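Shown next: my_file24.csv, given as CSV, C-alpha atoms.
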chain,number,residue,atom,x,y,z
A,1,MET,CA,-57.7,15.9,-28.0
A,2,LEU,CA,-54.6,18.1,-28.4
A,3,GLN,CA,-55.6,19.9,-25.2
A,4,THR,CA,-55.9,16.6,-23.3
A,5,VAL,CA,-52.4,15.5,-24.4
A,6,THR,CA,-50.9,19.0,-23.5
A,7,GLY,CA,-52.7,19.0,-20.2
A,8,PHE,CA,-51.5,15.5,-19.4
A,9,LEU,CA,-47.9,16.5,-20.2
A,10,LEU,CA,-48.1,19.7,-18.1
A,11,GLU,CA,-49.6,17.8,-15.2
A,12,THR,CA,-46.9,15.1,-15.4
A,13,LEU,CA,-44.2,17.7,-15.6
A,14,GLU,CA,-45.7,19.6,-12.5
A,15,THR,CA,-45.9,16.3,-10.5
A,16,THR,CA,-42.4,15.4,-11.4
A,17,LEU,CA,-41.0,18.8,-10.4
A,18,VAL,CA,-42.9,18.7,-7.1
A,19,GLU,CA,-41.7,15.2,-6.3
A,20,PHE,CA,-38.1,16.2,-7.2
A,21,GLY,CA,-38.3,19.3,-5.1
A,22,THR,CA,-39.5,17.1,-2.1
A,23,VAL,CA,-36.7,14.6,-2.6
A,24,VAL,CA,-34.1,17.4,-2.8
A,25,ARG,CA,-35.5,19.1,0.3
A,26,ASP,CA,-35.5,15.8,2.3
A,27,ALA,CA,-31.9,14.9,1.1
A,28,THR,CA,-30.4,18.4,1.6
A,29,PRO,CA,-29.5,17.8,5.3
A,30,LYS,CA,-27.9,14.5,4.5
A,31,ILE,CA,-25.9,15.9,1.6
A,32,LEU,CA,-24.7,18.9,3.7
A,33,THR,CA,-23.8,16.6,6.5
A,34,GLY,CA,-21.9,14.5,4.1
A,35,LEU,CA,-20.0,17.5,2.6
A,36,VAL,CA,-19.0,18.7,6.1
A,37,PHE,CA,-17.9,15.1,7.0
A,38,VAL,CA,-15.7,14.8,3.8
A,39,GLY,CA,-14.1,18.2,4.5
A,40,LEU,CA,-13.3,17.3,8.1
A,41,ALA,CA,-12.1,13.8,7.0
A,42,TYR,CA,-9.8,15.4,4.4
A,43,VAL,CA,-8.2,17.6,7.1
A,44,GLY,CA,-8.0,14.7,9.5
A,45,ILE,CA,-6.5,12.3,7.0
A,46,ARG,CA,-3.9,14.9,6.0
A,47,VAL,CA,-2.9,15.3,9.6
A,48,ILE,CA,-2.7,11.5,10.2
A,49,LEU,CA,-0.6,10.9,7.1
A,50,TYR,CA,1.7,13.8,8.1
A,51,VAL,CA,2.2,12.1,11.5
A,52,VAL,CA,2.6,8.6,9.9
A,53,ARG,CA,5.3,10.0,7.5
A,54,GLY,CA,7.1,11.7,10.4
A,55,VAL,CA,7.1,8.5,12.5
A,56,LEU,CA,8.3,6.4,9.6
A,57,ASP,CA,10.9,8.9,8.6
A,58,GLY,CA,12.2,8.7,12.2
A,59,ILE,CA,12.4,4.9,12.0
A,60,TYR,CA,13.8,4.4,8.5
A,61,PRO,CA,17.0,6.1,7.2
A,62,GLU,CA,16.7,8.5,4.2
A,63,GLU,CA,17.9,5.9,1.7
A,64,GLN,CA,14.8,3.8,2.6
A,65,ASP,CA,12.2,6.4,1.5
A,66,LEU,CA,10.4,3.8,-0.5
A,67,VAL,CA,9.4,2.0,2.7
A,68,VAL,CA,8.1,5.3,4.1
A,69,ASP,CA,6.1,6.1,0.9
A,70,LEU,CA,4.7,2.6,0.9
A,71,GLY,CA,3.5,2.8,4.5
A,72,VAL,CA,2.0,6.3,3.9
A,73,ALA,CA,0.2,5.1,0.8
A,74,ILE,CA,-1.3,2.0,2.4
A,75,THR,CA,-2.4,4.1,5.4
A,76,GLY,CA,-4.0,6.6,3.1
A,77,ILE,CA,-5.9,4.0,1.1
A,78,PHE,CA,-7.4,2.4,4.3
A,79,LEU,CA,-8.4,5.8,5.7
A,80,TRP,CA,-10.1,7.0,2.5
A,81,PHE,CA,-11.9,3.7,2.1
A,82,GLY,CA,-13.2,4.1,5.6
A,83,VAL,CA,-14.3,7.7,4.8
A,84,ALA,CA,-16.2,6.4,1.7
A,85,LEU,CA,-18.0,3.8,3.7
A,86,ALA,CA,-18.9,6.3,6.5
A,87,LEU,CA,-20.1,8.8,3.8
A,88,LEU,CA,-22.4,6.2,2.3
A,89,ASN,CA,-23.8,5.6,5.8
A,90,ILE,CA,-24.4,9.3,6.4
A,91,VAL,CA,-26.3,9.8,3.2
A,92,GLY,CA,-28.5,6.8,4.0
A,93,MET,CA,-27.0,4.1,1.8
A,94,THR,CA,-26.1,1.7,4.7
A,95,GLU,CA,-26.8,-1.5,2.6
A,96,ILE,CA,-24.4,-0.4,-0.1
A,97,ALA,CA,-21.8,0.5,2.5
A,98,ALA,CA,-22.1,-2.9,4.1
A,99,SER,CA,-21.9,-4.7,0.8
A,100,LEU,CA,-18.8,-2.7,-0.2
A,101,GLY,CA,-17.2,-3.4,3.1
A,102,THR,CA,-17.8,-7.1,2.7
A,103,ALA,CA,-16.8,-7.2,-0.9
A,104,ALA,CA,-13.6,-5.3,-0.2
A,105,GLY,CA,-12.7,-7.8,2.5
A,106,PHE,CA,-13.0,-10.7,0.1
A,107,ILE,CA,-11.1,-8.8,-2.6
A,108,ALA,CA,-8.3,-8.0,-0.2
A,109,LEU,CA,-8.1,-11.6,0.9
A,110,GLY,CA,-7.9,-12.7,-2.8
A,111,VAL,CA,-5.3,-10.1,-3.6
A,112,SER,CA,-3.2,-10.9,-0.6
A,113,TYR,CA,-3.2,-14.6,-1.5
A,114,ALA,CA,-2.3,-13.9,-5.1
A,115,LEU,CA,0.5,-11.5,-4.0
A,116,SER,CA,1.7,-13.6,-1.0
A,117,ASN,CA,5.2,-14.1,-2.6
A,118,MET,CA,5.5,-10.4,-3.3
A,119,ILE,CA,4.4,-9.6,0.2
A,120,ALA,CA,6.9,-12.1,1.7
A,121,ASP,CA,9.6,-10.5,-0.4
A,122,THR,CA,8.7,-7.0,0.7
A,123,VAL,CA,8.5,-8.0,4.4
A,124,ALA,CA,11.9,-9.8,4.1
A,125,GLY,CA,13.3,-6.7,2.3
A,126,VAL,CA,12.3,-4.5,5.2
A,127,TYR,CA,14.1,-6.8,7.6
A,128,LEU,CA,17.2,-6.9,5.4
A,129,LEU,CA,17.2,-3.1,5.0
A,130,ARG,CA,17.0,-2.7,8.7
A,131,ASP,CA,19.6,-5.4,9.5
A,132,PRO,CA,22.9,-3.7,10.5
A,133,ASP,CA,24.8,-6.9,9.6
A,134,PHE,CA,23.6,-7.0,6.0
A,135,ASN,CA,24.8,-4.0,3.9
A,136,PRO,CA,26.0,-3.3,0.4
A,137,GLY,CA,29.6,-4.2,0.1
A,138,ASP,CA,29.4,-7.2,2.5
A,139,LYS,CA,30.5,-10.6,1.3
A,140,VAL,CA,27.6,-12.9,1.9
A,141,LYS,CA,26.5,-16.5,1.2
A,142,ALA,CA,22.8,-16.8,0.6
A,143,ASP,CA,21.2,-20.1,-0.6
A,144,PRO,CA,21.8,-19.9,-4.3
A,145,VAL,CA,24.8,-17.6,-4.4
A,146,THR,CA,27.9,-16.4,-2.7
A,147,GLY,CA,29.1,-12.9,-3.5
A,148,THR,CA,29.2,-9.3,-2.6
A,149,VAL,CA,26.0,-7.5,-1.9
A,150,THR,CA,25.6,-4.7,-4.4
A,151,GLY,CA,22.0,-3.6,-3.7
A,152,ILE,CA,19.1,-4.3,-1.4
A,153,GLU,CA,15.6,-3.4,-2.6
A,154,LEU,CA,12.2,-4.1,-1.2
A,155,ARG,CA,11.6,-7.2,-3.3
A,156,LYS,CA,15.1,-8.4,-4.3
A,157,THR,CA,18.8,-8.3,-3.4
A,158,ARG,CA,21.6,-8.0,-6.0
A,159,PHE,CA,24.9,-9.9,-5.6
A,160,GLU,CA,28.0,-9.9,-7.6
A,161,ASN,CA,29.5,-13.4,-7.6
A,162,GLU,CA,33.2,-14.3,-7.9
A,163,GLU,CA,33.0,-14.4,-11.7
A,164,GLY,CA,31.7,-10.8,-11.8
A,165,ASP,CA,28.1,-11.7,-12.7
A,166,THR,CA,25.2,-10.0,-11.1
A,167,VAL,CA,22.8,-12.4,-9.5
A,168,VAL,CA,19.4,-11.3,-8.4
A,169,VAL,CA,17.7,-13.2,-5.5
A,170,ALA,CA,14.3,-12.8,-4.0
A,171,ASN,CA,14.5,-11.4,-0.5
A,172,ARG,CA,12.4,-14.2,1.0
A,173,ASP,CA,15.1,-16.6,-0.1
A,174,VAL,CA,17.9,-14.5,1.2
A,175,GLU,CA,16.2,-13.8,4.6
A,176,LYS,CA,15.7,-17.6,5.2
A,177,LYS,CA,19.4,-18.2,5.7
A,178,TRP,CA,22.4,-16.1,4.9
A,179,THR,CA,26.0,-16.0,6.2
A,180,LYS,CA,28.2,-13.0,6.3
A,181,TYR,CA,31.9,-13.7,5.7
A,182,ASP,CA,34.5,-11.7,7.7
A,183,GLU,CA,37.2,-10.0,5.8
A,184,MET,CA,39.8,-12.0,7.8
A,185,GLU,CA,38.1,-15.3,7.0
A,186,THR,CA,38.1,-14.5,3.3
A,187,THR,CA,41.8,-13.5,3.3
A,188,THR,CA,42.7,-16.6,5.4
A,189,ALA,CA,40.7,-18.9,3.0
A,190,ALA,CA,42.3,-17.4,0.0
A,191,ALA,CA,45.8,-17.8,1.5
A,192,THR,CA,45.0,-21.5,2.5
A,193,GLU,CA,43.8,-22.3,-1.1
A,194,SER,CA,47.0,-20.9,-2.7
A,195,VAL,CA,49.3,-23.1,-0.5

Taking this structure as input, can you express it in the form of structure tokens?
Amino acid sequence: MLQTVTGFLLETLETTLVEFGTVVRDATPKILTGLVFVGLAYVGIRVILYVVRGVLDGIYPEEQDLVVDLGVAITGIFLWFGVALALLNIVGMTEIAASLGTAAGFIALGVSYALSNMIADTVAGVYLLRDPDFNPGDKVKADPVTGTVTGIELRKTRFENEEGDTVVVANRDVEKKWTKYDEMETTTAAATESV
């Protein structure tokens, strides 16, 4: 009886090792192809991100490095996600790759809807940062406030109102409608009020 149990265990172990060896032998070309692909993708993505950073550095001034970093990060995320899906296809997991691609699309849609105000602020912030007529130190009237622009960030703009208080306004609200006051108009208006 003991020999039968020992024989059964040895036979099971031998069968398992043979099947495992067969699976490893069959999967080796796919795994090697996947490793070569990941290596090439790494080099390719590094080159693409270098080029994207160079282009964005040429477009945006040095004080807007946050916009450049954001653009490079988003590009990198998309590229690496594409590499992951392609790698799954290479190693024979096409159904998983398709499922992940579809799920990622729905997740991205949900996240973009949830972050729509933040995205609107960021896009408006990029426009405000690039606008030559809207700079720190300018006297501006935006919907809820009139004051001097003290800072422009990606999501909000800071103003100092006439009482000396700092007022923070979402960029989407500033970008909708703002008016820049000329120094001459401000001086004329102050002189008219004192008379």

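Rounded to one decimal, atom CA of Gln64 of chain A and atom CA of Leu129 of chain A lie 7.7 Å from each other.
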
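Comparing A:Val126, A:Val5, A:Ala97, A:Val169 by their smallest distance to Thr146 of chain A, the closest is A:Val169 (using only C-alpha atoms).
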
For this session: Could you please determine the separation between atom CA of Ala104 of chain A and atom CA of Leu87 of chain A in Å, to one decimal place?
Result: 16.0 Å

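If all atoms listed in the file are the atoms counted, then among A:Thr28, A:Ser99, A:Asn135, A:Thr75 the closest residue to Val149 of chain A is A:Asn135.
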
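Going from atom CA of Tyr113 of chain A over to atom CA of Gly101 of chain A, you cover 18.5 Å.
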
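Remark: for Asn89 of chain A, the closest of the candidate residues A:Phe37, A:Tyr60, A:Tyr181, A:Tyr50 is A:Phe37 (distances computed over only C-alpha atoms).
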
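By only C-alpha atoms, and with residues fewer than 3 positions from Leu154 of chain A along its chain excluded, the set lying at most 7 Å from it is A:Asp121, A:Thr122, A:Gly125, A:Val126.
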